[in-house]
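Here is protein.txt, consisting of compact mmCIF, C-alpha atoms and all ligand atoms:
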```
# COMPACT_ATOMS: atom_id res chain seq x y z
CA MET A 1 115.14 99.87 77.60
CA THR A 2 117.46 96.87 77.19
CA TYR A 3 117.59 94.68 80.24
CA GLN A 4 120.79 93.15 81.67
CA HIS A 5 119.52 91.71 84.95
CA ILE A 6 115.96 90.69 84.24
CA LEU A 7 114.23 88.75 81.49
CA SER A 8 110.94 90.14 80.31
CA GLU A 9 108.71 88.32 77.84
CA LEU A 10 105.11 88.93 76.85
CA ARG A 11 103.28 85.69 76.00
CA GLU A 12 99.54 85.34 75.62
CA ASN A 13 98.92 88.60 77.48
CA ILE A 14 101.03 87.59 80.48
CA LEU A 15 104.26 89.50 81.11
CA TYR A 16 106.84 87.04 82.47
CA ILE A 17 109.49 88.89 84.47
CA THR A 18 112.44 86.80 85.70
CA ILE A 19 115.11 88.31 87.92
CA ASN A 20 118.20 86.96 86.28
CA ARG A 21 121.27 87.19 88.54
CA ALA A 22 121.35 83.59 89.66
CA GLN A 23 125.08 83.73 90.53
CA LYS A 24 124.20 86.36 93.18
CA LEU A 25 120.99 84.58 94.17
CA ASN A 26 119.07 87.26 92.25
CA ALA A 27 119.96 89.93 94.83
CA LEU A 28 118.44 93.29 93.96
CA ASN A 29 121.15 95.71 92.95
CA LYS A 30 120.34 99.23 91.76
CA ASP A 31 120.31 98.32 88.07
CA THR A 32 118.00 95.37 88.67
CA LEU A 33 115.58 97.66 90.53
CA THR A 34 115.69 100.19 87.68
CA GLU A 35 114.91 97.47 85.16
CA LEU A 36 112.13 96.06 87.34
CA ALA A 37 110.62 99.53 87.67
CA ASP A 38 110.64 99.87 83.88
CA ALA A 39 109.02 96.46 83.33
CA ILE A 40 106.30 97.16 85.90
CA ALA A 41 105.58 100.56 84.35
CA PHE A 42 105.23 98.82 80.98
CA ALA A 43 102.85 96.23 82.46
CA THR A 44 100.73 98.98 83.99
CA GLN A 45 100.48 100.96 80.75
CA SER A 46 100.24 98.25 78.10
CA HIS A 47 96.77 97.15 77.02
CA GLU A 48 98.29 93.86 75.90
CA VAL A 49 99.36 92.89 79.42
CA ARG A 50 96.60 91.27 81.46
CA GLY A 51 98.78 89.92 84.24
CA VAL A 52 102.37 89.63 85.43
CA LEU A 53 104.27 86.55 86.60
CA LEU A 54 107.35 87.45 88.62
CA THR A 55 109.96 84.84 89.48
CA GLY A 56 113.69 84.32 89.97
CA ALA A 57 116.16 82.54 87.70
CA GLY A 58 117.50 79.14 88.77
CA GLU A 59 116.25 76.77 91.40
CA LYS A 60 117.92 78.22 94.47
CA ALA A 61 116.54 81.70 94.94
CA PHE A 62 113.59 83.89 94.15
CA VAL A 63 115.56 86.89 95.46
CA ALA A 64 118.03 86.71 98.39
CA GLY A 65 117.51 90.34 99.30
CA ALA A 66 118.81 93.75 98.41
CA ASP A 67 122.41 93.63 97.19
CA ILE A 68 124.33 94.08 100.45
CA SER A 69 127.58 94.91 98.65
CA GLU A 70 126.06 98.09 97.22
CA PHE A 71 124.91 99.76 100.43
CA SER A 72 127.55 98.67 102.94
CA SER A 73 128.98 102.22 103.20
CA TYR A 74 125.75 104.21 102.90
CA THR A 75 125.04 107.25 105.08
CA VAL A 76 121.76 107.87 106.90
CA GLU A 77 120.54 110.05 104.00
CA GLN A 78 121.55 107.52 101.34
CA GLY A 79 119.79 104.75 103.26
CA GLU A 80 116.57 106.73 103.44
CA THR A 81 116.77 107.67 99.75
CA LEU A 82 117.36 104.04 98.78
CA ALA A 83 114.23 102.97 100.62
CA ARG A 84 112.09 105.89 99.44
CA ASN A 85 112.99 105.42 95.76
CA GLY A 86 112.54 101.66 95.98
CA HIS A 87 109.07 102.07 97.50
CA ALA A 88 107.94 104.51 94.82
CA THR A 89 109.38 102.93 91.69
CA VAL A 90 109.17 99.21 92.42
CA PHE A 91 107.38 98.00 95.54
CA ASP A 92 104.41 100.41 95.62
CA ALA A 93 104.34 100.35 91.82
CA ILE A 94 103.82 96.58 91.92
CA GLU A 95 101.15 96.81 94.62
CA ASN A 96 99.36 99.55 92.67
CA CYS A 97 99.77 97.86 89.29
CA THR A 98 96.36 97.71 87.64
CA LYS A 99 97.10 94.16 86.43
CA PRO A 100 97.39 91.25 88.85
CA VAL A 101 101.00 90.46 89.74
CA VAL A 102 101.70 86.90 90.89
CA ALA A 103 104.99 86.02 92.59
CA ALA A 104 106.22 82.50 91.88
CA ILE A 105 108.63 81.98 94.78
CA ASN A 106 111.09 79.40 93.50
CA GLY A 107 113.60 79.39 96.39
CA PHE A 108 115.01 81.79 98.98
CA ALA A 109 112.87 84.92 99.38
CA LEU A 110 114.81 86.93 101.93
CA GLY A 111 114.84 90.57 102.94
CA GLY A 112 114.04 92.69 99.88
CA GLY A 113 113.15 89.43 98.11
CA LEU A 114 110.36 88.63 100.51
CA GLU A 115 109.34 92.29 100.44
CA LEU A 116 109.15 92.04 96.65
CA ALA A 117 106.95 88.95 96.90
CA MET A 118 104.78 90.68 99.51
CA ALA A 119 104.26 93.67 97.21
CA CYS A 120 102.78 91.26 94.64
CA HIS A 121 99.06 90.59 94.72
CA ILE A 122 99.30 86.80 94.98
CA ARG A 123 102.13 84.55 96.13
CA ILE A 124 102.67 80.93 95.14
CA ALA A 125 105.67 79.15 96.67
CA ALA A 126 107.62 76.05 95.71
CA ASP A 127 107.75 73.54 98.56
CA THR A 128 111.53 74.09 98.63
CA ALA A 129 111.24 77.85 99.20
CA LYS A 130 112.42 79.53 102.39
CA MET A 131 111.27 82.95 103.48
CA GLY A 132 112.46 85.50 106.01
CA LEU A 133 113.36 89.08 106.82
CA PRO A 134 116.94 88.79 108.18
CA GLU A 135 117.77 92.53 108.13
CA VAL A 136 118.37 92.74 111.90
CA THR A 137 121.30 90.33 111.45
CA LEU A 138 122.89 93.17 109.44
CA GLY A 139 121.92 95.93 111.85
CA LEU A 140 119.05 97.03 109.61
CA ILE A 141 115.31 96.71 109.45
CA PRO A 142 113.25 95.90 106.36
CA GLY A 143 113.15 99.05 104.22
CA TYR A 144 110.99 98.10 101.26
CA GLY A 145 107.67 97.88 103.08
CA GLY A 146 108.37 94.66 104.99
CA THR A 147 107.32 95.90 108.41
CA GLN A 148 103.97 97.04 107.00
CA ARG A 149 103.11 94.33 104.48
CA LEU A 150 104.18 91.40 106.68
CA THR A 151 102.07 92.79 109.53
CA ALA A 152 99.08 93.14 107.21
CA LEU A 153 99.49 89.59 105.93
CA VAL A 154 100.30 87.62 109.07
CA GLY A 155 99.43 89.91 112.02
CA LYS A 156 101.56 91.91 114.43
CA GLY A 157 102.69 89.09 116.73
CA ARG A 158 104.01 86.88 113.94
CA ALA A 159 105.55 89.86 112.10
CA ILE A 160 107.46 90.97 115.21
CA GLU A 161 108.65 87.41 115.81
CA MET A 162 109.82 86.90 112.21
CA ILE A 163 111.54 90.29 111.92
CA THR A 164 113.21 90.38 115.35
CA THR A 165 114.41 86.76 115.37
CA ALA A 166 115.37 86.95 111.65
CA ASP A 167 114.30 83.29 111.40
CA MET A 168 113.55 81.79 108.02
CA ILE A 169 110.32 79.86 107.67
CA SER A 170 109.39 77.00 105.36
CA ALA A 171 106.92 77.34 102.51
CA GLU A 172 104.52 75.09 104.40
CA LYS A 173 104.59 77.41 107.44
CA ALA A 174 104.26 80.45 105.17
CA GLU A 175 101.06 78.99 103.75
CA ARG A 176 99.74 78.12 107.23
CA ILE A 177 100.16 81.71 108.47
CA GLY A 178 98.77 83.34 105.31
CA LEU A 179 102.05 84.63 103.90
CA VAL A 180 101.61 82.67 100.67
CA ASN A 181 98.42 81.60 98.92
CA ALA A 182 99.55 78.09 97.95
CA VAL A 183 102.53 75.74 97.98
CA VAL A 184 103.29 73.34 95.14
CA PRO A 185 106.25 71.18 94.05
CA LEU A 186 108.89 73.28 92.29
CA ALA A 187 108.15 71.62 88.93
CA GLU A 188 104.54 72.80 89.14
CA LEU A 189 105.26 76.35 90.32
CA ILE A 190 105.04 78.28 87.06
CA GLY A 191 102.07 76.20 85.93
CA LYS A 192 100.18 77.00 89.11
CA ALA A 193 100.89 80.75 88.77
CA GLU A 194 99.82 80.59 85.09
CA GLU A 195 96.62 78.76 86.03
CA ILE A 196 95.64 81.64 88.33
CA LEU A 197 96.59 84.35 85.82
CA ASN A 198 94.79 82.56 82.99
CA LYS A 199 91.63 82.48 85.09
CA ILE A 200 91.90 86.20 85.91
CA LYS A 201 92.54 86.91 82.21
CA LEU A 202 88.99 85.73 81.44
CA ARG A 203 87.45 88.23 83.88
CA ALA A 204 86.60 91.86 83.13
CA PRO A 205 89.94 93.74 83.16
CA LEU A 206 88.56 97.07 84.40
CA ALA A 207 86.70 95.30 87.20
CA VAL A 208 89.84 93.36 88.14
CA SER A 209 91.85 96.56 88.34
CA ALA A 210 89.10 98.34 90.32
CA ALA A 211 89.03 95.42 92.76
CA ILE A 212 92.80 95.60 93.25
CA LYS A 213 92.55 99.36 93.92
CA ALA A 214 89.75 98.97 96.46
CA ILE A 215 91.41 96.05 98.24
CA ASN A 216 94.70 97.98 98.41
CA ALA A 217 92.84 100.75 100.20
CA ALA A 218 91.90 98.40 103.05
CA GLY A 219 93.74 99.55 106.14
CA THR A 220 95.68 102.23 104.22
CA ASP A 221 96.01 105.46 106.20
CA GLY A 222 94.29 108.44 104.66
CA GLN A 223 92.11 106.32 102.40
CA ASN A 224 88.51 105.37 103.02
CA GLY A 225 88.36 101.92 101.48
CA PHE A 226 84.58 101.74 101.69
CA GLU A 227 84.25 105.04 99.82
CA ILE A 228 86.77 103.91 97.19
CA GLU A 229 84.79 100.68 96.77
CA ILE A 230 81.49 102.56 96.37
CA GLU A 231 82.93 104.90 93.71
CA ALA A 232 84.67 102.08 91.85
CA PHE A 233 81.49 99.97 91.95
CA GLY A 234 79.52 102.85 90.44
CA LYS A 235 82.12 103.40 87.70
CA CYS A 236 81.85 99.76 86.63
CA PHE A 237 78.30 100.47 85.43
CA GLY A 238 79.75 102.85 82.84
CA THR A 239 81.95 100.20 81.21
CA GLN A 240 81.34 98.17 78.06
CA ASP A 241 82.60 95.18 79.99
CA PHE A 242 79.70 95.43 82.44
CA LYS A 243 77.23 95.56 79.55
CA GLU A 244 78.92 92.54 77.99
CA GLY A 245 79.04 90.64 81.30
CA ALA A 246 75.39 91.26 82.12
CA SER A 247 74.22 90.51 78.53
CA ALA A 248 76.27 87.32 78.39
CA PHE A 249 74.73 86.13 81.65
CA LEU A 250 71.18 86.86 80.46
CA GLU A 251 71.88 85.28 77.04
CA LYS A 252 73.44 82.23 78.74
CA ARG A 253 76.76 82.57 76.91
CA LYS A 254 80.35 83.22 77.94
CA ALA A 255 81.32 86.86 78.24
CA VAL A 256 84.15 88.18 76.07
CA PHE A 257 85.67 91.20 77.79
CA LYS A 258 87.67 93.86 75.97
CA GLY A 259 88.68 96.09 78.87
CA HIS A 260 86.57 99.07 77.82
N1 LIG B 1 123.48 90.67 98.46
C1 LIG B 1 124.60 90.49 97.75
N2 LIG B 1 125.08 89.27 97.41
C2 LIG B 1 124.38 88.21 97.80
C3 LIG B 1 123.19 88.31 98.55
C4 LIG B 1 122.75 89.61 98.88
N3 LIG B 1 121.61 89.82 99.56
N4 LIG B 1 122.72 87.06 98.81
C5 LIG B 1 123.59 86.22 98.23
N5 LIG B 1 124.59 86.89 97.63
C6 LIG B 1 125.74 86.36 96.90
C7 LIG B 1 126.81 85.82 97.81
O1 LIG B 1 127.64 86.88 98.26
C8 LIG B 1 127.51 84.86 96.89
O2 LIG B 1 128.34 85.60 96.01
P1 LIG B 1 129.86 85.09 95.67
O3 LIG B 1 129.66 83.73 95.06
O4 LIG B 1 130.39 86.12 94.72
O5 LIG B 1 130.57 85.02 96.99
C9 LIG B 1 126.40 84.27 96.05
O6 LIG B 1 125.34 85.22 96.13
C10 LIG B 1 125.90 82.93 96.56
O7 LIG B 1 125.51 83.09 97.92
P2 LIG B 1 126.11 82.19 99.12
O8 LIG B 1 125.97 82.98 100.39
O9 LIG B 1 127.47 81.69 98.77
O10 LIG B 1 125.08 80.98 99.10
P3 LIG B 1 124.72 80.01 100.33
O11 LIG B 1 123.95 78.87 99.75
O12 LIG B 1 125.91 79.72 101.16
O13 LIG B 1 123.73 80.88 101.27
C11 LIG B 1 121.90 82.42 101.70
C12 LIG B 1 122.46 81.29 100.78
C13 LIG B 1 120.65 82.94 101.03
C14 LIG B 1 121.55 81.83 103.08
C15 LIG B 1 122.96 83.53 101.85
O14 LIG B 1 123.39 83.90 100.54
C16 LIG B 1 122.46 84.79 102.54
O15 LIG B 1 122.31 84.77 103.75
N6 LIG B 1 122.28 85.88 101.78
C17 LIG B 1 121.92 87.16 102.33
C18 LIG B 1 120.48 87.18 102.77
C19 LIG B 1 120.15 88.51 103.42
O16 LIG B 1 120.62 88.85 104.48
N7 LIG B 1 119.28 89.27 102.75
C20 LIG B 1 118.80 90.54 103.26
C21 LIG B 1 119.54 91.65 102.64
S1 LIG B 1 118.95 93.21 103.28
```
This entry written out as structure tokens:
Amino acid sequence: MTYQHILSELRENILYITINRAQKLNALNKDTLTELADAIAFATQSHEVRGVLLTGAGEKAFVAGADISEFSSYTVEQGETLARNGHATVFDAIENCTKPVVAAINGFALGGGLELAMACHIRIAADTAKMGLPEVTLGLIPGYGGTQRLTALVGKGRAIEMITTADMISAEKAERIGLVNAVVPLAELIGKAEEILNKIKLRAPLAVSAAIKAINAAGTDGQNGFEIEIEAFGKCFGTQDFKEGASAFLEKRKAVFKGH
């Protein structure tokens, strides 16, 4: 698939995905979502990809939300379909990606933009970034998982305050309340995200993906996270990576994992 609205580049086993509509503050129109879905599916399937770094083009915005111009005349059914498809192909696909996905929040992360960042496994923000879920100013609510993921990350009280006031918060506050993992100067943003991904790249890939799956199960309705953990733990013993990891430890050398 040729991309028009995102840049996608695989370098040293990291897939760099940049949402590239800076003139519209990287707002997520339908085509951008289709391209993102394709890039995430590639990351999930490709053995070459060990991690994903997701960011926005330019210095102003990560993503300023879903593209409002596209859904201004939607019906009830179209609204529900938009949300349902977005969940399945992009937002849940990112959360369930077997490779770690790090959001490098380089500016405004609003509405669908913050929801996109929240679907990622780790969030690093530039100190200039601003975050919020302003949907109620449009007569909407977050539709790409924002009510659920924000609540899981910051707790019910703060989620209700942020969503119902529509207030934006600073990167510093986002870090304080657990919405982002770290805040760095903008110039250091990509480097910080790479530092984390490069560290994860050295770990056993199958174990990393099993950990993501088990952690995702925490608090998920219909899933027994403890049971998923127990099964995934057991499966690790059947991997070459476990044999390599244990041998390397006993032989006092660094493990070299192959993801088998
Ligand atoms: N959907 C569609 N277009 C958007 C957009 C969105 N979510 N966010 C920004 N844009 C467009 C603007 O319409 C403008 O396009 P134009 O130059 O063709 O008029 C361009 O991006 C630049 O945005 P602008 O509003 O002029 O920048 P600003 O610096 O004055 O304000 C924001 C920045 C982020 C505060 C403002 O763009 C904003 O409030 N955006 C919408 C945020 C939102 O409600 N998101 C949730 C959507 S569900």
TODO: Can you tell me which residues come within 10 Å of ligand LIG 1 (chain B) when counting all atoms listed in the file, ideally as a VMD selection string?
DONE: chain A and resid 21 to 29 60 to 71 107 to 114 130 to 144 166 168
Got time to write the residues from that selection, C-alpha atoms, as a compact mmCIF listing (two decimals), keeping the file's coordinate frame?
```
# COMPACT_ATOMS: atom_id res chain seq x y z
CA ARG A 21 121.27 87.19 88.54
CA ALA A 22 121.35 83.59 89.66
CA GLN A 23 125.08 83.73 90.53
CA LYS A 24 124.20 86.36 93.18
CA LEU A 25 120.99 84.58 94.17
CA ASN A 26 119.07 87.26 92.25
CA ALA A 27 119.96 89.93 94.83
CA LEU A 28 118.44 93.29 93.96
CA ASN A 29 121.15 95.71 92.95
CA LYS A 60 117.92 78.22 94.47
CA ALA A 61 116.54 81.70 94.94
CA PHE A 62 113.59 83.89 94.15
CA VAL A 63 115.56 86.89 95.46
CA ALA A 64 118.03 86.71 98.39
CA GLY A 65 117.51 90.34 99.30
CA ALA A 66 118.81 93.75 98.41
CA ASP A 67 122.41 93.63 97.19
CA ILE A 68 124.33 94.08 100.45
CA SER A 69 127.58 94.91 98.65
CA GLU A 70 126.06 98.09 97.22
CA PHE A 71 124.91 99.76 100.43
CA GLY A 107 113.60 79.39 96.39
CA PHE A 108 115.01 81.79 98.98
CA ALA A 109 112.87 84.92 99.38
CA LEU A 110 114.81 86.93 101.93
CA GLY A 111 114.84 90.57 102.94
CA GLY A 112 114.04 92.69 99.88
CA GLY A 113 113.15 89.43 98.11
CA LEU A 114 110.36 88.63 100.51
CA LYS A 130 112.42 79.53 102.39
CA MET A 131 111.27 82.95 103.48
CA GLY A 132 112.46 85.50 106.01
CA LEU A 133 113.36 89.08 106.82
CA PRO A 134 116.94 88.79 108.18
CA GLU A 135 117.77 92.53 108.13
CA VAL A 136 118.37 92.74 111.90
CA THR A 137 121.30 90.33 111.45
CA LEU A 138 122.89 93.17 109.44
CA GLY A 139 121.92 95.93 111.85
CA LEU A 140 119.05 97.03 109.61
CA ILE A 141 115.31 96.71 109.45
CA PRO A 142 113.25 95.90 106.36
CA GLY A 143 113.15 99.05 104.22
CA TYR A 144 110.99 98.10 101.26
CA ALA A 166 115.37 86.95 111.65
CA MET A 168 113.55 81.79 108.02
```
Which range 80-190 of chain A residues have any atom within 9 Å of an atom of range 40-43 of chain A, and for each, what is the nearest pair of atoms with distance in Å to one decimal, counting only C-alpha atoms, rows sorted by chain and number, as JSON lines?
```
{"residue": "A:Thr89", "atom": "CA", "partner": "A:Ala41", "partner_atom": "CA", "distance": 8.6}
{"residue": "A:Val90", "atom": "CA", "partner": "A:Ile40", "partner_atom": "CA", "distance": 7.4}
{"residue": "A:Ala93", "atom": "CA", "partner": "A:Ile40", "partner_atom": "CA", "distance": 7.0}
{"residue": "A:Ile94", "atom": "CA", "partner": "A:Ile40", "partner_atom": "CA", "distance": 6.5}
{"residue": "A:Cys97", "atom": "CA", "partner": "A:Ile40", "partner_atom": "CA", "distance": 7.4}
{"residue": "A:Thr98", "atom": "CA", "partner": "A:Ala43", "partner_atom": "CA", "distance": 8.4}
{"residue": "A:Lys99", "atom": "CA", "partner": "A:Ala43", "partner_atom": "CA", "distance": 7.3}
```
TODO: Enter the distance from CA of Ala103 in chain A to CA of Ala117 in chain A, in Å, rounded to one decimal.
DONE: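 Those two atoms sit 5.6 Å apart.
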- [ ] Mind giving me the straight-line distance from CA of Asp127 in chain A to CA of Leu10 in chain A in Å, one decimal?
- [x]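 Separation of CA of Asp127 in chain A and CA of Leu10 in chain A: 26.7 Å.
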Closest pair table for range 112-169 of chain A residues within 6 Å of range 178-198 of chain A, all atoms listed in the file, as CSV:
```
residue,atom,partner,partner_atom,distance
A:Arg123,CA,A:Val180,CA,4.9
A:Ile124,CA,A:Ala182,CA,5.1
A:Ala125,CA,A:Val183,CA,4.8
A:Ala126,CA,A:Leu186,CA,4.6
A:Asp127,CA,A:Pro185,CA,5.3
A:Leu153,CA,A:Leu179,CA,5.9
A:Val154,CA,A:Gly178,CA,5.9
```
Task: Straight-line distance linking CA of Lys243 in chain A with CA of Gly225 in chain A, stated in Å to one decimal - done: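 Going from CA of Lys243 in chain A over to CA of Gly225 in chain A covers 25.4 Å.
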List as a Markdown table every residue of range 83-190 of chain A that is in contact with range 216-219 of chain A, defined as an atom at most 9 Å from one of its atoms (using only C-alpha atoms), together with the nearest atom pair and the distance in Å rounded to one decimal, sorted by chain and then rising number.
```
| residue | atom | partner | partner_atom | distance |
| --- | --- | --- | --- | --- |
| A:Glu95 | CA | A:Asn216 | CA | 7.6 |
| A:Asn96 | CA | A:Asn216 | CA | 7.6 |
| A:Ala152 | CA | A:Gly219 | CA | 8.4 |
```
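Non-sequential neighbours of Val101 in chain A (distance at most 7 Å, separation of 2 or more positions within a chain, all atoms listed in the file) are A:Gly51, A:Val52, A:Leu53, A:Lys99, A:Ala103, A:Cys120, A:His121, A:Ile122.
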Open item on the list: Between A:Val256, A:Ala210, A:Ile17, A:Lys30, which residue has the minimum interatomic distance to Gly234 in chain A, considering only C-alpha atoms?
Closed with: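 Residue with the minimum atom-to-atom distance to Gly234 in chain A: A:Ala210.
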Task: Counting all atoms listed in the file, the residue of A:Asn224, A:Ser8, A:Ser72, A:Thr147 that sits nearest Ile160 in chain A - done: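 Smallest separation from Ile160 in chain A among the options: A:Thr147.
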Kindly compute an axis-aligned box around the listed atoms of range 181-195 of chain A, allowing 6 Å on each side, and express its centre and edge lengths in Å to one decimal as AutoDock Vina command-line options.
```
--center_x 102.8 --center_y 76.4 --center_z 92.0 --size_x 24.3 --size_y 22.4 --size_z 25.8
```
Task: Residue with smallest distance to Ala83 in chain A - pool A:Ala104, A:Ala57, A:Glu115, A:Gln4, counting all atoms listed in the file - done: A:Glu115
